[in-house]
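Here is the file start-v3.tsv (TSV, C-alpha atoms and all ligand atoms).
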chain	number	residue	atom	x	y	z
A	1	MET	CA	0.00	0.00	0.00
A	2	MET	CA	1.29	3.49	-0.84
A	3	GLU	CA	1.80	5.71	2.16
A	4	THR	CA	-0.26	8.90	2.21
A	5	ILE	CA	1.40	10.31	5.30
A	6	VAL	CA	4.85	9.51	6.65
A	7	VAL	CA	6.00	10.96	9.97
A	8	GLU	CA	9.43	10.12	11.35
A	9	HIS	CA	10.82	11.23	14.71
A	10	LEU	CA	8.76	14.39	14.68
A	11	ILE	CA	9.63	16.94	17.35
A	12	HIS	CA	7.83	20.22	17.85
A	13	THR	CA	8.49	22.69	20.61
A	14	PHE	CA	6.68	25.87	21.61
A	15	GLY	CA	9.31	27.79	23.55
A	16	GLU	CA	10.36	25.39	26.28
A	17	ARG	CA	7.43	23.04	25.84
A	18	ARG	CA	7.73	19.92	23.73
A	19	ALA	CA	4.31	19.39	22.18
A	20	LEU	CA	5.60	16.49	20.05
A	21	ASP	CA	8.43	14.36	21.26
A	22	GLY	CA	9.72	11.94	18.61
A	23	LEU	CA	6.44	10.92	17.01
A	24	SER	CA	6.52	8.38	14.14
A	25	PHE	CA	3.70	6.78	12.16
A	26	THR	CA	2.41	6.23	8.63
A	27	VAL	CA	-1.05	6.41	7.10
A	28	GLY	CA	-1.85	4.31	4.03
A	29	GLU	CA	-3.94	5.25	1.01
A	30	GLY	CA	-7.65	5.34	1.81
A	31	GLU	CA	-6.99	4.46	5.43
A	32	VAL	CA	-9.00	5.87	8.32
A	33	PHE	CA	-6.46	6.65	11.01
A	34	ALA	CA	-7.13	8.07	14.46
A	35	LEU	CA	-4.91	10.06	16.77
A	36	LEU	CA	-6.34	9.35	20.15
A	37	GLY	CA	-5.26	11.25	23.21
A	38	PRO	CA	-6.26	13.55	26.06
A	39	ASN	CA	-6.31	17.35	25.85
A	40	GLY	CA	-2.86	18.73	25.17
A	41	ALA	CA	-1.47	15.44	23.84
A	42	GLY	CA	-0.41	17.13	20.58
A	43	LYS	CA	-3.20	16.24	18.15
A	44	THR	CA	-3.92	19.70	16.76
A	45	THR	CA	-0.20	20.47	16.52
A	46	THR	CA	0.25	17.33	14.39
A	47	VAL	CA	-2.57	18.35	12.02
A	48	ARG	CA	-1.08	21.83	11.64
A	49	LEU	CA	2.37	20.43	10.88
A	50	LEU	CA	0.93	18.00	8.33
A	51	ASN	CA	-0.81	20.88	6.56
A	52	GLY	CA	2.24	23.12	6.58
A	53	LEU	CA	0.85	25.66	9.04
A	54	TYR	CA	3.76	25.12	11.43
A	55	ARG	CA	7.33	24.16	10.67
A	56	ALA	CA	8.61	21.17	12.63
A	57	THR	CA	11.49	21.66	15.05
A	58	ALA	CA	12.98	18.35	13.87
A	59	GLY	CA	11.98	15.16	12.10
A	60	ARG	CA	10.76	14.16	8.67
A	61	LEU	CA	7.26	14.70	7.26
A	62	ARG	CA	5.75	13.66	3.92
A	63	VAL	CA	2.15	14.22	2.91
A	64	LEU	CA	1.16	12.79	-0.50
A	65	GLY	CA	4.87	12.71	-1.29
A	66	LEU	CA	5.30	16.44	-0.52
A	67	ASP	CA	7.08	18.29	2.26
A	68	PRO	CA	4.41	20.41	3.96
A	69	ALA	CA	6.98	22.88	5.31
A	70	THR	CA	8.07	23.96	1.82
A	71	GLN	CA	5.16	22.77	-0.34
A	72	GLY	CA	2.30	23.71	1.98
A	73	GLU	CA	0.10	25.18	-0.70
A	74	GLN	CA	0.30	22.05	-2.84
A	75	VAL	CA	-0.48	19.94	0.22
A	76	ARG	CA	-3.46	22.09	1.23
A	77	ALA	CA	-4.86	21.96	-2.33
A	78	GLN	CA	-5.24	18.20	-1.82
A	79	THR	CA	-6.40	18.09	1.79
A	80	GLY	CA	-9.55	19.15	3.59
A	81	VAL	CA	-9.47	20.24	7.21
A	82	LEU	CA	-12.30	20.35	9.69
A	83	THR	CA	-11.29	22.17	12.84
A	84	GLU	CA	-12.88	22.00	16.25
A	85	SER	CA	-14.99	25.13	15.77
A	86	PRO	CA	-16.43	25.32	12.26
A	87	ALA	CA	-14.77	28.09	10.25
A	88	LEU	CA	-17.84	29.53	8.55
A	89	TYR	CA	-19.28	33.00	7.99
A	90	GLU	CA	-22.34	33.31	10.20
A	91	ARG	CA	-23.85	36.14	8.16
A	92	LEU	CA	-23.68	34.28	4.87
A	93	THR	CA	-26.02	31.50	3.82
A	94	ALA	CA	-24.85	27.91	3.50
A	95	ARG	CA	-24.61	28.23	-0.29
A	96	GLN	CA	-22.78	31.56	-0.08
A	97	ASN	CA	-20.28	30.05	2.34
A	98	LEU	CA	-19.53	27.13	0.04
A	99	ARG	CA	-19.30	29.41	-3.00
A	100	PHE	CA	-16.91	31.74	-1.18
A	101	PHE	CA	-14.56	28.97	-0.05
A	102	GLY	CA	-14.72	27.21	-3.43
A	103	GLU	CA	-13.81	30.44	-5.24
A	104	MET	CA	-10.99	31.07	-2.78
A	105	ALA	CA	-9.67	27.60	-3.63
A	106	GLY	CA	-9.79	28.52	-7.32
A	107	MET	CA	-12.46	26.01	-8.35
A	108	PRO	CA	-13.94	26.64	-11.84
A	109	ALA	CA	-17.52	28.02	-11.60
A	110	GLY	CA	-19.34	25.11	-13.24
A	111	GLU	CA	-17.52	22.46	-11.25
A	112	LEU	CA	-18.05	24.46	-8.05
A	113	ARG	CA	-21.79	24.73	-8.66
A	114	ARG	CA	-22.16	20.99	-9.25
A	115	ARG	CA	-19.99	20.08	-6.28
A	116	MET	CA	-21.88	22.44	-3.94
A	117	GLU	CA	-25.25	20.97	-4.81
A	118	GLU	CA	-23.94	17.43	-4.49
A	119	LEU	CA	-22.52	18.15	-1.01
A	120	LEU	CA	-25.58	20.06	0.21
A	121	GLU	CA	-27.63	17.04	-0.81
A	122	PHE	CA	-25.27	14.56	0.81
A	123	PHE	CA	-25.28	16.48	4.09
A	124	ASP	CA	-29.03	16.95	4.03
A	125	LEU	CA	-28.82	20.75	3.87
A	126	THR	CA	-30.43	21.46	0.50
A	127	GLY	CA	-33.70	22.62	2.08
A	128	ARG	CA	-31.89	25.13	4.32
A	129	ALA	CA	-29.12	26.15	1.94
A	130	ASP	CA	-30.30	29.74	1.51
A	131	GLU	CA	-30.63	30.49	5.21
A	132	ARG	CA	-27.94	32.28	7.12
A	133	VAL	CA	-25.59	30.05	9.03
A	134	SER	CA	-26.28	32.07	12.20
A	135	VAL	CA	-29.66	30.34	12.54
A	136	PHE	CA	-28.21	26.83	12.10
A	137	SER	CA	-27.91	24.34	14.95
A	138	LYS	CA	-24.39	23.23	15.91
A	139	GLY	CA	-24.94	19.92	14.14
A	140	MET	CA	-25.98	21.67	10.92
A	141	LYS	CA	-22.95	23.95	11.14
A	142	GLN	CA	-20.70	20.95	11.56
A	143	ARG	CA	-22.27	19.25	8.53
A	144	LEU	CA	-21.74	22.41	6.49
A	145	ALA	CA	-18.15	22.63	7.71
A	146	LEU	CA	-17.64	19.04	6.56
A	147	ALA	CA	-19.09	19.96	3.16
A	148	ARG	CA	-16.67	22.88	3.03
A	149	ALA	CA	-13.72	20.61	3.82
A	150	LEU	CA	-14.75	18.28	1.00
A	151	LEU	CA	-15.27	20.89	-1.74
A	152	ASN	CA	-11.91	20.25	-3.42
A	153	ARG	CA	-12.33	16.42	-3.32
A	154	PRO	CA	-9.42	16.09	-0.92
A	155	LYS	CA	-7.21	13.01	-0.93
A	156	ILE	CA	-6.90	13.35	2.84
A	157	LEU	CA	-9.61	14.64	5.11
A	158	PHE	CA	-8.39	15.91	8.50
A	159	LEU	CA	-11.04	15.90	11.20
A	160	ASP	CA	-10.02	17.54	14.46
A	161	GLU	CA	-12.56	16.62	17.13
A	162	PRO	CA	-15.42	16.53	14.60
A	163	THR	CA	-18.14	15.92	17.17
A	164	ALA	CA	-16.91	18.32	19.88
A	165	GLY	CA	-19.82	20.19	21.42
A	166	LEU	CA	-22.51	18.23	19.57
A	167	ASP	CA	-25.34	16.45	21.34
A	168	PRO	CA	-25.43	12.63	21.10
A	169	GLU	CA	-27.87	12.65	18.19
A	170	ALA	CA	-25.87	15.14	16.12
A	171	SER	CA	-22.63	13.32	17.01
A	172	ARG	CA	-24.04	10.07	15.75
A	173	GLN	CA	-25.16	11.72	12.55
A	174	VAL	CA	-21.72	13.22	11.94
A	175	ARG	CA	-20.11	9.81	12.66
A	176	GLU	CA	-22.44	8.09	10.23
A	177	LEU	CA	-21.65	10.68	7.57
A	178	ILE	CA	-17.93	10.14	8.07
A	179	ALA	CA	-18.43	6.38	7.69
A	180	ALA	CA	-20.54	6.94	4.55
A	181	LEU	CA	-17.96	9.32	3.08
A	182	ARG	CA	-15.35	6.72	3.46
A	183	ARG	CA	-17.42	4.09	1.64
A	184	GLU	CA	-18.26	6.47	-1.19
A	185	ASN	CA	-15.07	8.43	-1.78
A	186	GLY	CA	-12.28	6.28	-0.42
A	187	GLN	CA	-10.10	9.23	0.65
A	188	ALA	CA	-7.85	8.82	3.66
A	189	VAL	CA	-9.25	10.22	6.88
A	190	PHE	CA	-7.08	11.52	9.71
A	191	LEU	CA	-9.23	11.78	12.80
A	192	CYS	CA	-8.20	13.46	16.05
A	193	THR	CA	-10.36	12.59	18.96
A	194	HIS	CA	-10.49	11.86	22.65
A	195	ILE	CA	-13.73	9.93	22.14
A	196	LEU	CA	-12.81	6.27	22.20
A	197	LEU	CA	-16.06	5.09	20.71
A	198	GLU	CA	-15.50	7.35	17.73
A	199	ALA	CA	-12.11	5.79	17.02
A	200	GLU	CA	-13.44	2.31	17.67
A	201	ARG	CA	-16.33	2.72	15.24
A	202	LEU	CA	-14.61	4.56	12.42
A	203	CYS	CA	-10.95	3.70	12.23
A	204	ASP	CA	-8.73	1.11	10.63
A	205	ARG	CA	-5.80	1.98	12.85
A	206	VAL	CA	-5.34	4.00	16.00
A	207	LEU	CA	-2.36	5.79	17.50
A	208	ILE	CA	-2.61	6.37	21.22
A	209	LEU	CA	-0.86	9.63	22.01
A	210	ASN	CA	0.32	10.95	25.35
A	211	GLN	CA	2.39	14.11	25.78
A	212	GLY	CA	3.61	14.07	22.21
A	213	ARG	CA	4.63	10.41	22.21
A	214	ALA	CA	3.01	7.33	20.72
A	215	LEU	CA	2.10	4.79	23.39
A	216	ALA	CA	0.84	2.31	20.80
A	217	VAL	CA	-0.12	2.12	17.11
A	218	GLY	CA	-2.15	-0.55	15.37
A	219	SER	CA	-5.56	-1.85	14.44
A	220	LEU	CA	-7.94	-2.40	17.30
A	221	GLU	CA	-7.43	-6.14	16.85
A	222	GLU	CA	-3.65	-5.81	17.04
A	223	LEU	CA	-3.89	-3.63	20.15
A	224	GLN	CA	-6.29	-6.10	21.73
A	225	GLN	CA	-3.85	-8.93	21.13
A	226	ARG	CA	-0.83	-6.97	22.26
A	227	PHE	CA	-2.27	-5.40	25.38
A	228	ASN	CA	-4.77	-8.00	26.38
A	229	PRO	CA	-4.43	-8.02	30.15
A	230	GLY	CA	-6.05	-11.49	30.44
A	231	VAL	CA	-9.18	-12.73	28.72
A	232	TRP	CA	-12.55	-12.43	30.38
A	233	VAL	CA	-15.04	-15.19	29.66
A	234	GLU	CA	-18.72	-14.90	30.34
A	235	VAL	CA	-20.42	-18.15	31.38
A	236	GLN	CA	-24.20	-18.21	31.58
A	237	LEU	CA	-25.51	-21.00	33.81
A	238	LEU	CA	-29.04	-22.32	33.98
A	239	GLU	CA	-29.12	-21.61	37.71
A	240	PRO	CA	-26.73	-20.04	40.21
A	241	ARG	CA	-23.83	-22.16	41.54
A	242	ALA	CA	-21.44	-21.20	44.31
A	243	LEU	CA	-18.12	-21.22	42.44
A	244	SER	CA	-14.94	-19.35	43.26
A	245	ALA	CA	-11.45	-19.06	41.82
A	246	ALA	CA	-10.40	-21.87	44.18
A	247	ASP	CA	-12.67	-24.28	42.24
A	248	LEU	CA	-11.21	-23.32	38.87
A	249	PRO	CA	-7.45	-23.77	38.41
A	250	GLN	CA	-7.52	-21.83	35.09
A	251	ALA	CA	-9.15	-18.76	36.64
A	252	LEU	CA	-7.25	-15.62	37.64
A	253	GLN	CA	-10.44	-14.00	38.93
A	254	VAL	CA	-14.08	-14.97	39.22
A	255	GLN	CA	-17.06	-12.65	39.50
A	256	ALA	CA	-20.48	-14.19	40.02
A	257	GLN	CA	-23.86	-12.54	39.74
A	258	ASP	CA	-26.77	-14.94	40.05
A	259	ALA	CA	-26.40	-17.46	37.24
A	260	LEU	CA	-23.87	-15.33	35.32
A	261	LEU	CA	-20.17	-15.97	35.89
A	262	ARG	CA	-17.34	-13.81	34.63
A	263	VAL	CA	-14.05	-15.62	34.72
A	264	GLN	CA	-10.67	-14.19	33.81
A	265	VAL	CA	-8.08	-16.56	32.33
A	266	SER	CA	-4.59	-15.72	31.07
A	267	ARG	CA	-5.02	-16.83	27.47
A	268	THR	CA	-7.80	-17.77	25.06
A	269	GLU	CA	-6.24	-21.27	24.91
A	270	ASP	CA	-7.22	-21.81	28.58
A	271	ILE	CA	-10.94	-21.57	27.83
A	272	PRO	CA	-11.57	-25.22	26.80
A	273	ALA	CA	-9.96	-26.51	30.02
A	274	LEU	CA	-12.06	-24.06	32.00
A	275	VAL	CA	-15.23	-25.36	30.34
A	276	ASN	CA	-14.18	-28.98	31.03
A	277	ARG	CA	-13.61	-28.15	34.65
A	278	LEU	CA	-17.02	-26.46	34.95
A	279	VAL	CA	-18.71	-29.48	33.35
A	280	GLY	CA	-16.78	-31.75	35.74
A	281	LEU	CA	-18.19	-29.73	38.65
A	282	GLY	CA	-21.69	-30.26	37.29
A	283	ALA	CA	-22.27	-26.61	36.37
A	284	PRO	CA	-25.29	-26.37	34.02
A	285	ILE	CA	-23.76	-24.30	31.19
A	286	LEU	CA	-26.01	-22.49	28.73
A	287	ARG	CA	-23.47	-20.26	27.01
A	288	VAL	CA	-19.75	-19.47	27.04
A	289	GLU	CA	-18.43	-16.29	25.46
A	290	PRO	CA	-14.94	-14.78	25.55
A	291	LEU	CA	-15.08	-10.99	25.95
A	292	ARG	CA	-12.67	-8.80	24.01
A	293	PRO	CA	-11.15	-5.81	25.77
A	294	SER	CA	-12.56	-2.59	24.39
A	295	LEU	CA	-10.38	0.19	23.08
A	296	GLU	CA	-11.33	1.94	26.30
A	297	ASP	CA	-9.75	-0.82	28.42
A	298	ILE	CA	-6.55	-0.63	26.36
A	299	TYR	CA	-6.49	3.17	26.31
A	300	PHE	CA	-6.80	3.61	30.05
A	301	ALA	CA	-4.31	0.84	30.79
A	302	LEU	CA	-1.74	2.54	28.53
A	303	GLN	CA	-2.41	6.07	29.76
A	304	ALA	CA	-2.11	4.86	33.37
A	305	GLN	CA	1.15	3.14	32.54
A	306	ALA	CA	2.49	6.33	30.91
A	307	GLU	CA	1.47	8.47	33.88
A	308	GLY	CA	3.28	6.00	36.14
A	309	GLY	CA	6.44	6.63	34.13
A	310	GLN	CA	6.79	3.03	32.90
A	311	PRO	CA	7.76	2.40	29.27
B	401	LIG	P1	-6.79	19.59	22.60
B	401	LIG	O1	-7.66	18.40	22.43
B	401	LIG	O2	-6.91	20.22	23.95
B	401	LIG	O3	-6.85	20.57	21.47
B	401	LIG	P2	-4.33	18.58	21.47
B	401	LIG	O4	-4.01	17.12	21.62
B	401	LIG	O5	-4.85	19.02	20.16
B	401	LIG	O6	-5.29	19.01	22.63
B	401	LIG	P3	-2.28	20.52	21.07
B	401	LIG	O7	-3.23	21.64	20.86
B	401	LIG	O8	-1.59	19.96	19.89
B	401	LIG	O9	-3.00	19.36	21.84
B	401	LIG	O10	-1.21	21.00	22.14
B	401	LIG	C1	-0.09	20.24	22.55
B	401	LIG	C2	0.73	21.01	23.57
B	401	LIG	O11	1.32	22.16	22.98
B	401	LIG	C3	-0.08	21.53	24.73
B	401	LIG	O12	0.71	21.42	25.88
B	401	LIG	C4	-0.34	22.98	24.39
B	401	LIG	O13	-0.48	23.76	25.55
B	401	LIG	C5	0.90	23.35	23.61
B	401	LIG	N1	0.61	24.35	22.58
B	401	LIG	C6	-0.20	24.18	21.51
B	401	LIG	N2	-0.22	25.29	20.72
B	401	LIG	C7	0.62	26.18	21.32
B	401	LIG	C8	1.04	27.50	20.99
B	401	LIG	N3	0.61	28.12	19.89
B	401	LIG	N4	1.89	28.10	21.84
B	401	LIG	C9	2.34	27.46	22.94
B	401	LIG	N5	2.01	26.24	23.30
B	401	LIG	C10	1.15	25.58	22.51
Give the structure from this file in structure tokens form.
Amino acid sequence: MMETIVVEHLIHTFGERRALDGLSFTVGEGEVFALLGPNGAGKTTTVRLLNGLYRATAGRLRVLGLDPATQGEQVRAQTGVLTESPALYERLTARQNLRFFGEMAGMPAGELRRRMEELLEFFDLTGRADERVSVFSKGMKQRLALARALLNRPKILFLDEPTAGLDPEASRQVRELIAALRRENGQAVFLCTHILLEAERLCDRVLILNQGRALAVGSLEELQQRFNPGVWVEVQLLEPRALSAADLPQALQVQAQDALLRVQVSRTEDIPALVNRLVGLGAPILRVEPLRPSLEDIYFALQAQAEGGQP
């Protein structure tokens, strides 16, 4: 796969403060990649560097084969950026906003007209397109800002906290639109978020960032395998049985609630022996299901480790 973004040993300092401290990663063509981290981790700084708005203190950056520090304009002509607060003119209508930004980007009039109508339709704004943005809800503004970011058919779409400040309904809508965009256009998406669910739902790969350093990079599946702190298995019994870890040699921990047992074992391979043991004890098993750790489990385990100063 061709790499769309290459970042090697990126360092960025603001005065004394190191916002990025040796960050490396790559994003492939058409990939949806998330930078996941708490406030101040360095997400926005990374997006600005990748779009040539800041110049890196040290390290190597390539976006679509270009150096954003010296070829920023060429990079920005092929990227779309959605920032945390939508950059729109409140006193202009939705259509006027899109026309203005399209003209600024040098789009030919006919192409701009077609593209605007297509995007207004896609983002369900056609019926409100001639109203001023000042009367729009936050969700509508965010949809319009997404349309704006997509005007130039970007090869990479940068989304910095795309659902910040939206209510759950509007957030879900924006997430669904991002997922749909990806199916329809196939551009790479670079998502910055501190919302784990967002990364879990939308992304192929995730980088977990803390104080300008990568704690882990990989697909959710890879991270689950690498950081699995023991596998939890859910065992549904027909009726409650008094069972404890002492009864089950494979178990690290046992939690029981009525007829539902949650047993932690070290590895997936221990599950058959656990089931045999339960059968041997006469436990009336209805269902056995290994539980995968969520991205949230992995994220908090890694952030806690980083705060504790361990590698
Ligand atoms: P948030 O979600 O809060 O926006 P972030 O992950 O995007 O966080 P950045 O905005 O990239 O984080 O900031 C990283 C670090 O760099 C922070 O410690 C921040 O205070 C600092 N920083 C960012 N921009 C500047 C600036 N222009 N001048 C000085 N320090 C800055």
Of A:Leu20, A:Ile195, A:Met140, A:Ala147, the one nearest to A:Glu169 when counting all atoms listed in the file is A:Met140
Do a neighbour search on stretch 178-193 of chain A at 7 Å with all atoms listed in the file, toss out local chain neighbours closer than 2 positions, and write the hits as a list in words.
-> Glu29, Gly30, Glu31, Val32, Phe33, Ala34, Leu35, Leu36, Gly37, Lys43, Lys155, Ile156, Leu157, Phe158, Leu159, Asp160, Glu161, Val174, Arg175, Glu176, Ile195 and Leu202 of chain A
Find the residues near ligand LIG 401 (chain B). Use a cut-off of 8 Å, count only C-alpha atoms and all ligand atoms, and write them as a ChimeraX atom specification.
-> /A:13-15,17-20,37-46,160-161,192-194,211-212
Interatomic distance between atom CA of A:Thr79 and atom CA of A:Asp21?
-> 24.8 Å
Would you kindly return, as an NGL selection string, each protein, DNA or RNA residue with an atom no farther than 9 Å from any atom of stretch 2-8 of chain A, considering only C-alpha atoms and excluding same-chain residues fewer than 4 positions away?
-> :A and (22-31 or 50 or 59-65 or 155-156 or 188)
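Restricting the calculation to all atoms listed in the file, the smallest distance between A:Arg113 and any of A:Leu98, A:Ile271, A:Val263, A:Leu88 is found for A:Leu98.
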Mind dumping a table of every stretch 119-216 of chain A residue within 12 Å of stretch 285-306 of chain A, with the nearest atom pair and its distance in Å to one decimal, using all atoms listed in the file, sorted by chain and rising number, as a tab-separated table?
residue	atom	partner	partner_atom	distance
A:His194	CA	A:Tyr299	CA	10.2
A:Ile195	CA	A:Glu296	CA	9.3
A:Leu196	CA	A:Glu296	CA	6.1
A:Leu197	CA	A:Leu295	CA	7.9
A:Glu198	CA	A:Leu295	CA	10.3
A:Ala199	CA	A:Leu295	CA	8.4
A:Glu200	CA	A:Leu295	CA	6.6
A:Arg201	CA	A:Leu295	CA	10.2
A:Cys203	CA	A:Leu295	CA	11.4
A:Arg205	CA	A:Leu295	CA	11.4
A:Val206	CA	A:Leu295	CA	9.5
A:Leu207	CA	A:Tyr299	CA	10.1
A:Ile208	CA	A:Tyr299	CA	7.2
A:Leu209	CA	A:Gln303	CA	8.7
A:Asn210	CA	A:Gln303	CA	7.1
A:Gln211	CA	A:Ala306	CA	9.3
A:Gly212	CA	A:Ala306	CA	11.7
A:Arg213	CA	A:Ala306	CA	9.8
A:Ala214	CA	A:Ala306	CA	10.3
A:Leu215	CA	A:Leu302	CA	6.8
A:Ala216	CA	A:Leu302	CA	8.2
So which residues touch A:Ala245 within 12 Å, counting all atoms listed in the file, skipping near sequence neighbours fewer than 2 positions away, as an MDAnalysis selection string?
-> chainID A and resid 242:243 247:256 261:265 274 277:278
Nearest-residue call for A:Arg95, choices A:Ala145, A:Val47, A:Val235, A:Leu281, using all atoms listed in the file |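 Among the listed residues, A:Ala145 lies closest to A:Arg95.
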Using only C-alpha atoms, which of the listed residues (A:Gly102, A:Gly218, A:Gly282, A:Pro168) sits closest to A:Gly80?
->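 Nearest candidate to A:Gly80 out of A:Gly102, A:Gly218, A:Gly282, A:Pro168: A:Gly102.
We find atom CA of A:Arg148 and atom CA of A:Leu166 to be spaced 18.1 Å apart.
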